[in-house]
$ cat upload04.csv   # CSV, C-alpha atoms and all ligand atoms
chain,number,residue,atom,x,y,z
A,23,MET,CA,-33.1,7.5,-23.8
A,24,THR,CA,-31.1,5.6,-26.5
A,25,ALA,CA,-27.8,3.9,-25.7
A,26,VAL,CA,-25.5,6.2,-23.7
A,27,THR,CA,-21.9,6.2,-24.8
A,28,ILE,CA,-18.7,7.9,-23.7
A,29,ARG,CA,-15.8,9.1,-25.7
A,30,ALA,CA,-12.8,11.4,-25.5
A,31,LEU,CA,-13.6,15.0,-26.6
A,32,ASP,CA,-11.4,16.5,-29.3
A,33,PRO,CA,-10.0,20.0,-28.8
A,34,SER,CA,-11.9,21.0,-32.0
A,35,GLU,CA,-15.1,20.5,-30.0
A,36,TRP,CA,-14.2,23.3,-27.5
A,37,GLU,CA,-17.4,25.3,-28.1
A,38,LEU,CA,-19.6,22.4,-27.3
A,39,PHE,CA,-17.5,21.7,-24.2
A,40,ARG,CA,-17.4,25.4,-23.2
A,41,ASP,CA,-21.2,25.8,-23.3
A,42,PHE,CA,-21.8,22.6,-21.4
A,43,ARG,CA,-19.1,23.4,-18.7
A,44,LEU,CA,-20.4,27.0,-18.2
A,45,ALA,CA,-23.9,25.7,-17.8
A,46,ALA,CA,-22.7,23.2,-15.2
A,47,LEU,CA,-20.8,25.9,-13.3
A,48,THR,CA,-23.9,28.2,-13.4
A,49,SER,CA,-26.4,25.5,-12.3
A,50,THR,CA,-24.2,23.9,-9.7
A,51,PRO,CA,-21.7,26.5,-8.4
A,52,GLY,CA,-21.4,24.8,-5.0
A,53,VAL,CA,-19.5,21.6,-6.0
A,54,PHE,CA,-16.6,22.6,-8.3
A,55,ALA,CA,-13.3,24.4,-7.4
A,56,THR,CA,-13.5,26.5,-10.5
A,57,SER,CA,-15.9,29.5,-10.5
A,58,TYR,CA,-18.1,30.5,-13.4
A,59,ALA,CA,-16.3,33.8,-13.6
A,60,GLU,CA,-12.9,32.1,-13.9
A,61,ALA,CA,-14.1,29.8,-16.7
A,62,ALA,CA,-16.1,32.5,-18.6
A,63,ALA,CA,-12.9,34.5,-18.9
A,64,ARG,CA,-11.0,31.7,-20.9
A,65,THR,CA,-9.9,32.3,-24.4
A,66,PRO,CA,-10.7,29.7,-27.2
A,67,GLU,CA,-7.1,28.5,-26.9
A,68,GLU,CA,-7.5,27.9,-23.2
A,69,TRP,CA,-10.7,26.0,-23.8
A,70,ARG,CA,-8.9,23.8,-26.3
A,71,ALA,CA,-6.2,23.2,-23.8
A,72,ASN,CA,-8.8,22.5,-21.1
A,73,ILE,CA,-10.1,19.6,-23.2
A,74,GLY,CA,-6.6,18.2,-23.4
A,75,GLY,CA,-6.4,15.4,-26.0
A,76,THR,CA,-2.9,14.7,-24.9
A,77,ASP,CA,-1.0,12.0,-23.1
A,78,HIS,CA,-1.3,14.1,-19.9
A,79,HIS,CA,-4.9,15.4,-19.9
A,80,GLN,CA,-8.3,14.3,-21.3
A,81,VAL,CA,-11.9,15.4,-21.0
A,82,PHE,CA,-14.5,12.8,-21.9
A,83,GLY,CA,-18.1,13.5,-23.1
A,84,LEU,CA,-21.1,11.3,-22.2
A,85,PHE,CA,-23.6,11.2,-25.1
A,86,ASP,CA,-27.2,10.2,-25.5
A,87,ALA,CA,-27.1,9.5,-29.3
A,88,GLU,CA,-25.6,12.8,-30.5
A,89,ARG,CA,-26.5,14.9,-27.4
A,90,LEU,CA,-23.8,15.8,-24.9
A,91,ILE,CA,-25.3,14.9,-21.5
A,92,GLY,CA,-22.2,14.7,-19.3
A,93,ILE,CA,-18.5,15.5,-19.0
A,94,THR,CA,-15.6,14.4,-16.9
A,95,ALA,CA,-11.9,14.9,-16.8
A,96,VAL,CA,-8.6,13.2,-15.9
A,97,PHE,CA,-5.2,14.8,-15.9
A,98,GLU,CA,-1.7,14.3,-14.6
A,99,SER,CA,-1.0,16.4,-11.5
A,100,ASP,CA,1.7,18.9,-12.0
A,101,THR,CA,1.9,19.6,-8.2
A,102,HIS,CA,3.1,16.1,-7.3
A,103,PRO,CA,6.7,15.4,-8.0
A,104,GLY,CA,7.5,12.1,-9.7
A,105,GLY,CA,4.7,12.3,-12.3
A,106,ASP,CA,3.0,9.4,-10.6
A,107,THR,CA,-0.3,11.1,-9.8
A,108,ALA,CA,-3.5,11.5,-11.8
A,109,VAL,CA,-6.4,13.8,-10.7
A,110,PHE,CA,-10.1,13.4,-11.5
A,111,ALA,CA,-12.3,16.5,-11.9
A,112,MET,CA,-15.2,18.2,-13.7
A,113,SER,CA,-17.8,15.4,-13.5
A,114,PHE,CA,-21.3,16.6,-14.4
A,115,ILE,CA,-24.3,14.7,-15.7
A,116,LEU,CA,-27.5,16.6,-16.7
A,117,PRO,CA,-30.1,16.2,-13.9
A,118,ALA,CA,-32.5,14.3,-16.1
A,119,TYR,CA,-29.9,11.5,-16.5
A,120,ARG,CA,-28.8,11.2,-12.9
A,121,GLY,CA,-29.6,8.3,-10.6
A,122,GLN,CA,-29.1,5.7,-13.4
A,123,GLN,CA,-25.6,4.8,-12.4
A,124,LEU,CA,-24.2,6.5,-15.5
A,125,SER,CA,-21.3,7.8,-13.3
A,126,ARG,CA,-19.9,4.3,-13.7
A,127,LEU,CA,-19.0,5.2,-17.3
A,128,LEU,CA,-17.2,8.3,-16.1
A,129,TYR,CA,-15.1,6.3,-13.6
A,130,GLU,CA,-14.4,3.3,-15.7
A,131,THR,CA,-13.3,5.3,-18.7
A,132,ARG,CA,-11.0,7.5,-16.6
A,133,LEU,CA,-9.6,4.6,-14.7
A,134,ALA,CA,-8.8,2.8,-18.0
A,135,TRP,CA,-7.0,6.0,-19.2
A,136,VAL,CA,-4.9,6.0,-16.0
A,137,ARG,CA,-4.2,2.2,-16.2
A,138,ALA,CA,-3.0,2.7,-19.8
A,139,ARG,CA,-0.2,4.9,-18.4
A,140,PRO,CA,1.9,2.7,-16.1
A,141,ARG,CA,3.8,5.8,-14.7
A,142,LEU,CA,0.6,6.7,-12.9
A,143,THR,CA,0.2,4.8,-9.6
A,144,ARG,CA,-2.4,6.8,-7.8
A,145,VAL,CA,-5.5,9.0,-8.4
A,146,LEU,CA,-6.6,12.0,-6.3
A,147,VAL,CA,-10.0,13.5,-6.2
A,148,SER,CA,-11.7,16.0,-3.8
A,149,VAL,CA,-15.3,16.5,-3.0
A,150,ARG,CA,-17.5,19.0,-1.0
A,151,ALA,CA,-18.4,17.2,2.2
A,152,SER,CA,-22.2,17.4,1.6
A,153,ASN,CA,-21.9,16.0,-1.9
A,154,ALA,CA,-23.1,12.5,-0.9
A,155,THR,CA,-23.6,11.1,-4.4
A,156,SER,CA,-20.1,12.0,-5.5
A,157,ARG,CA,-18.6,10.7,-2.2
A,158,ARG,CA,-20.5,7.4,-2.6
A,159,ALA,CA,-19.2,7.1,-6.2
A,160,ASN,CA,-15.6,7.6,-5.1
A,161,GLU,CA,-15.9,5.1,-2.4
A,162,ARG,CA,-17.5,2.5,-4.7
A,163,TYR,CA,-14.3,2.6,-6.8
A,164,GLY,CA,-12.0,2.2,-3.8
A,165,PHE,CA,-11.0,5.8,-3.1
A,166,VAL,CA,-10.0,6.2,0.5
A,167,GLU,CA,-10.4,9.5,2.4
A,168,THR,CA,-7.1,11.0,3.3
A,169,GLY,CA,-8.1,14.2,5.0
A,170,ARG,CA,-10.4,17.2,4.9
A,171,ALA,CA,-10.0,21.0,5.2
A,172,PRO,CA,-12.4,23.9,5.2
A,173,ARG,CA,-12.8,25.7,1.8
A,174,GLU,CA,-14.8,28.6,0.5
A,175,TRP,CA,-16.8,27.3,-2.5
A,176,PRO,CA,-17.9,29.4,-5.5
A,177,ASP,CA,-21.4,29.6,-4.1
A,178,GLY,CA,-20.0,31.6,-1.2
A,179,ALA,CA,-20.4,28.9,1.4
A,180,THR,CA,-17.6,27.5,3.5
A,181,GLU,CA,-17.6,23.8,4.0
A,182,ASP,CA,-15.0,21.0,4.2
A,183,GLU,CA,-13.3,19.7,1.1
A,184,VAL,CA,-12.8,15.9,1.5
A,185,PHE,CA,-9.7,14.5,-0.1
A,186,TYR,CA,-9.6,11.0,-1.5
A,187,GLN,CA,-6.9,8.8,-2.9
A,188,LEU,CA,-6.9,5.6,-4.9
A,189,GLN,CA,-3.7,3.7,-4.8
A,190,LEU,CA,-3.4,1.5,-7.9
A,191,ARG,CA,-2.0,-2.0,-7.8
A,192,ARG,CA,0.4,-2.4,-10.7
B,201,LIG,C1,-21.8,13.4,-9.4
B,201,LIG,C2,-22.7,12.9,-10.5
B,201,LIG,C3,-21.9,12.9,-11.9
B,201,LIG,C4,-23.1,11.4,-10.2
B,201,LIG,O1,-23.9,10.9,-11.2
B,201,LIG,P1,-25.4,10.3,-10.8
B,201,LIG,O2,-26.0,9.9,-12.0
B,201,LIG,O3,-26.1,11.3,-9.9
B,201,LIG,O4,-25.0,9.1,-9.8
B,201,LIG,P2,-25.1,7.5,-10.1
B,201,LIG,O5,-26.6,7.2,-10.4
B,201,LIG,O6,-24.1,7.1,-11.1
B,201,LIG,O7,-24.8,6.9,-8.7
B,201,LIG,C5,-23.5,7.1,-8.0
B,201,LIG,C6,-23.6,6.5,-6.7
B,201,LIG,O8,-24.2,7.4,-5.8
B,201,LIG,C7,-25.4,6.8,-5.2
B,201,LIG,N1,-26.3,7.9,-5.1
B,201,LIG,C8,-27.1,8.4,-6.1
B,201,LIG,N2,-27.9,9.4,-5.7
B,201,LIG,C9,-27.5,9.6,-4.4
B,201,LIG,C10,-27.9,10.5,-3.4
B,201,LIG,N3,-28.8,11.5,-3.6
B,201,LIG,N4,-27.3,10.4,-2.1
B,201,LIG,C11,-26.4,9.4,-1.9
B,201,LIG,N5,-26.0,8.6,-2.8
B,201,LIG,C12,-26.5,8.6,-4.0
B,201,LIG,C13,-25.8,5.7,-6.1
B,201,LIG,O9,-26.5,4.7,-5.4
B,201,LIG,C14,-24.4,5.2,-6.6
B,201,LIG,O10,-23.8,4.4,-5.7
B,201,LIG,P3,-23.9,2.7,-5.8
B,201,LIG,O11,-23.2,2.5,-7.2
B,201,LIG,O12,-23.1,2.3,-4.7
B,201,LIG,O13,-25.3,2.4,-5.9
B,201,LIG,C15,-24.0,13.7,-10.7
B,201,LIG,O14,-24.8,13.6,-9.5
B,201,LIG,C16,-23.8,15.2,-10.9
B,201,LIG,O15,-23.5,15.6,-12.1
B,201,LIG,N6,-23.8,16.0,-9.9
B,201,LIG,C17,-23.6,17.4,-9.9
B,201,LIG,C18,-22.1,17.8,-10.2
B,201,LIG,C19,-21.2,17.2,-9.1
B,201,LIG,O16,-21.5,17.1,-8.0
B,201,LIG,N7,-20.0,16.7,-9.6
B,201,LIG,C20,-19.0,16.1,-8.8
B,201,LIG,C21,-18.1,17.2,-8.3
B,201,LIG,S1,-16.9,16.4,-7.2
$ encode --input "upload04.csv" --output "structure tokens" --more "lines below"
Ligand SMILES: CC(C)(COP(=O)(O)OP(=O)(O)OC[C@H]1O[C@@H](n2cnc3c(N)ncnc32)[C@H](O)[C@@H]1OP(=O)(O)O)[C@@H](O)C(=O)NCCC(=O)NCCS
Amino acid sequence: MTAVTIRALDPSEWELFRDFRLAALTSTPGVFATSYAEAAARTPEEWRANIGGTDHHQVFGLFDAERLIGITAVFESDTHPGGDTAVFAMSFILPAYRGQQLSRLLYETRLAWVRARPRLTRVLVSVRASNATSRRANERYGFVETGRAPREWPDGATEDEVFYQLQLRR
């Protein structure tokens, strides 16, 4: 492994992103809210929009040299009035690169994106209850559990979705 870096993906990179995201949804259908079928039906324009590259929405890519090895997303919630809420989603690191604390890059980069937008005062994320790694990563960054509810996941299983919130100090 060479130096691992993280940067914002550009909408022009939608094919690279699409292939990586679809592979993540295929290999790990039990942890994301989006199903493979939903994502596979997207048009090129929808994939471009899904990357964002705007003041309200951004997907980041984790790279080992030129190779994309992970993705993560942050966007402004449109379901919370006041425009004060950001949401984290889509995190995925290739299995060969896990367990090396590379998720820190995903969190620190997204938190910097949120902190650069003073209107955003809290961050929400949700996780399948059995996803111990993801829950641990959320808690390390100060996310606090706010509730849980049963959910049917794209792998067909029903299990609690755990909701987390991080209140930012401005
Ligand atoms: C979630 C994911 C991005 C985390 O990346 P990672 O490389 O596995 O995790 P890291 O090495 O950065 O470790 C994150 C934290 O989890 C802990 N951890 C690692 N493996 C763990 C395990 N199997 N069980 C419990 N905790 C674990 C680490 O110790 C670390 O905590 P610490 O900083 O307090 O020591 C990665 O596991 C992944 O892509 N998983 C599949 C997709 C997924 O679940 N996405 C999240 C959907 S909400």
$ closest_residue --input "upload04.csv" --among "A:Glu161, A:Glu174, A:Glu60, A:Asp32" --to "ligand LIG 201 (chain B)" --atoms "all atoms listed in the file"
A:Glu161
$ residues_near_ligand --input "upload04.csv" --ligand "ligand LIG 201 (chain B)" --cutoff "7 Å" --atoms "all atoms listed in the file" --output "list in words"
Thr50, Val53, Phe54, Ala111, Met112, Ser113, Phe114, Ile115, Leu116, Pro117, Tyr119, Arg120, Gly121, Gln122, Gln123, Leu124, Ser125, Arg126, Ser148, Val149, Arg150, Asn153, Ala154, Thr155, Ser156, Arg158, Ala159 and Arg162 of chain A
$ residues_near_point --input "upload04.csv" --point "(-25.7, 23.7, -18.1)" --cutoff "10 Å" --atoms "all atoms listed in the file" --output "PyMOL selection string"
chain A and resi 40-50+91-92+114-117
$ write_last_selection --input "upload04.csv" --atoms "C-alpha atoms" --output "compact mmCIF listing (two decimals), in the coordinates of the input"
# COMPACT_ATOMS: atom_id res chain seq x y z
CA ARG A 40 -17.40 25.40 -23.20
CA ASP A 41 -21.20 25.80 -23.30
CA PHE A 42 -21.80 22.60 -21.40
CA ARG A 43 -19.10 23.40 -18.70
CA LEU A 44 -20.40 27.00 -18.20
CA ALA A 45 -23.90 25.70 -17.80
CA ALA A 46 -22.70 23.20 -15.20
CA LEU A 47 -20.80 25.90 -13.30
CA THR A 48 -23.90 28.20 -13.40
CA SER A 49 -26.40 25.50 -12.30
CA THR A 50 -24.20 23.90 -9.70
CA ILE A 91 -25.30 14.90 -21.50
CA GLY A 92 -22.20 14.70 -19.30
CA PHE A 114 -21.30 16.60 -14.40
CA ILE A 115 -24.30 14.70 -15.70
CA LEU A 116 -27.50 16.60 -16.70
CA PRO A 117 -30.10 16.20 -13.90
$ closest_residue --input "upload04.csv" --among "A:Gln189, A:Ser57, A:Thr76, A:Thr107" --to "Leu31 of chain A" --atoms "only C-alpha atoms"
A:Thr76
$ atom_distance --input "upload04.csv" --atom1 "atom CA of Gly74 of chain A" --atom2 "atom CA of Gly105 of chain A"
16.9 Å
$ closest_residue --input "upload04.csv" --among "A:Ala134, A:Ala118, A:Arg170, A:Ala108" --to "Leu146 of chain A" --atoms "all atoms listed in the file"
A:Ala108
$ residues_around --input "upload04.csv" --residues "Gly52 of chain A" --least-positions-apart "4" --cutoff "9 Å" --atoms "all atoms listed in the file" --output "compact mmCIF listing (two decimals) with C-alpha atoms, in the coordinates of the input"
# COMPACT_ATOMS: atom_id res chain seq x y z
CA LEU A 47 -20.80 25.90 -13.30
CA ARG A 150 -17.50 19.00 -1.00
CA TRP A 175 -16.80 27.30 -2.50
CA PRO A 176 -17.90 29.40 -5.50
CA ASP A 177 -21.40 29.60 -4.10
CA GLY A 178 -20.00 31.60 -1.20
CA ALA A 179 -20.40 28.90 1.40
$ closest_residue --input "upload04.csv" --among "A:Arg157, A:Tyr163, A:Glu183, A:Leu190" --to "Arg139 of chain A" --atoms "all atoms listed in the file"
A:Leu190
$ closest_residue --input "upload04.csv" --among "A:Glu37, A:Glu181, A:Glu167, A:Asp77" --to "Val96 of chain A" --atoms "only C-alpha atoms"
A:Asp77
$ closest_residue --input "upload04.csv" --among "A:Leu90, A:Leu142, A:Ile28, A:Ala62" --to "Tyr129 of chain A" --atoms "only C-alpha atoms"
A:Ile28
$ atom_distance --input "upload04.csv" --atom1 "atom CA of Glu67 of chain A" --atom2 "atom CA of His79 of chain A"
15.0 Å
$ residues_around --input "upload04.csv" --residues "Arg132 of chain A" --least-positions-apart "3" --cutoff "9 Å" --atoms "all atoms listed in the file" --output "ChimeraX atom specification"
/A:80,82,94-96,110,127-129,135-137
$ atom_distance --input "upload04.csv" --atom1 "atom CA of Val26 of chain A" --atom2 "atom CA of Ala87 of chain A"
6.7 Å
$ residues_around --input "upload04.csv" --residues "Gly169 of chain A" --least-positions-apart "5" --cutoff "10 Å" --atoms "only C-alpha atoms" --output "list in words"
Ser148, Asp182, Glu183, Val184, Phe185, Tyr186 and Gln187 of chain A
$ residues_around --input "upload04.csv" --residues "Trp36 of chain A" --least-positions-apart "3" --cutoff "8 Å" --atoms "all atoms listed in the file" --output "short mmCIF file (atom, residue, chain, number, x, y, z; two decimals) with C-alpha atoms, in the frame of the given file"
data_model
loop_
_atom_site.label_atom_id
_atom_site.label_comp_id
_atom_site.auth_asym_id
_atom_site.auth_seq_id
_atom_site.Cartn_x
_atom_site.Cartn_y
_atom_site.Cartn_z
CA ASP A 32 -11.40 16.50 -29.30
CA PRO A 33 -10.00 20.00 -28.80
CA PHE A 39 -17.50 21.70 -24.20
CA ARG A 40 -17.40 25.40 -23.20
CA PRO A 66 -10.70 29.70 -27.20
CA TRP A 69 -10.70 26.00 -23.80
CA ARG A 70 -8.90 23.80 -26.30
CA ILE A 73 -10.10 19.60 -23.20
#
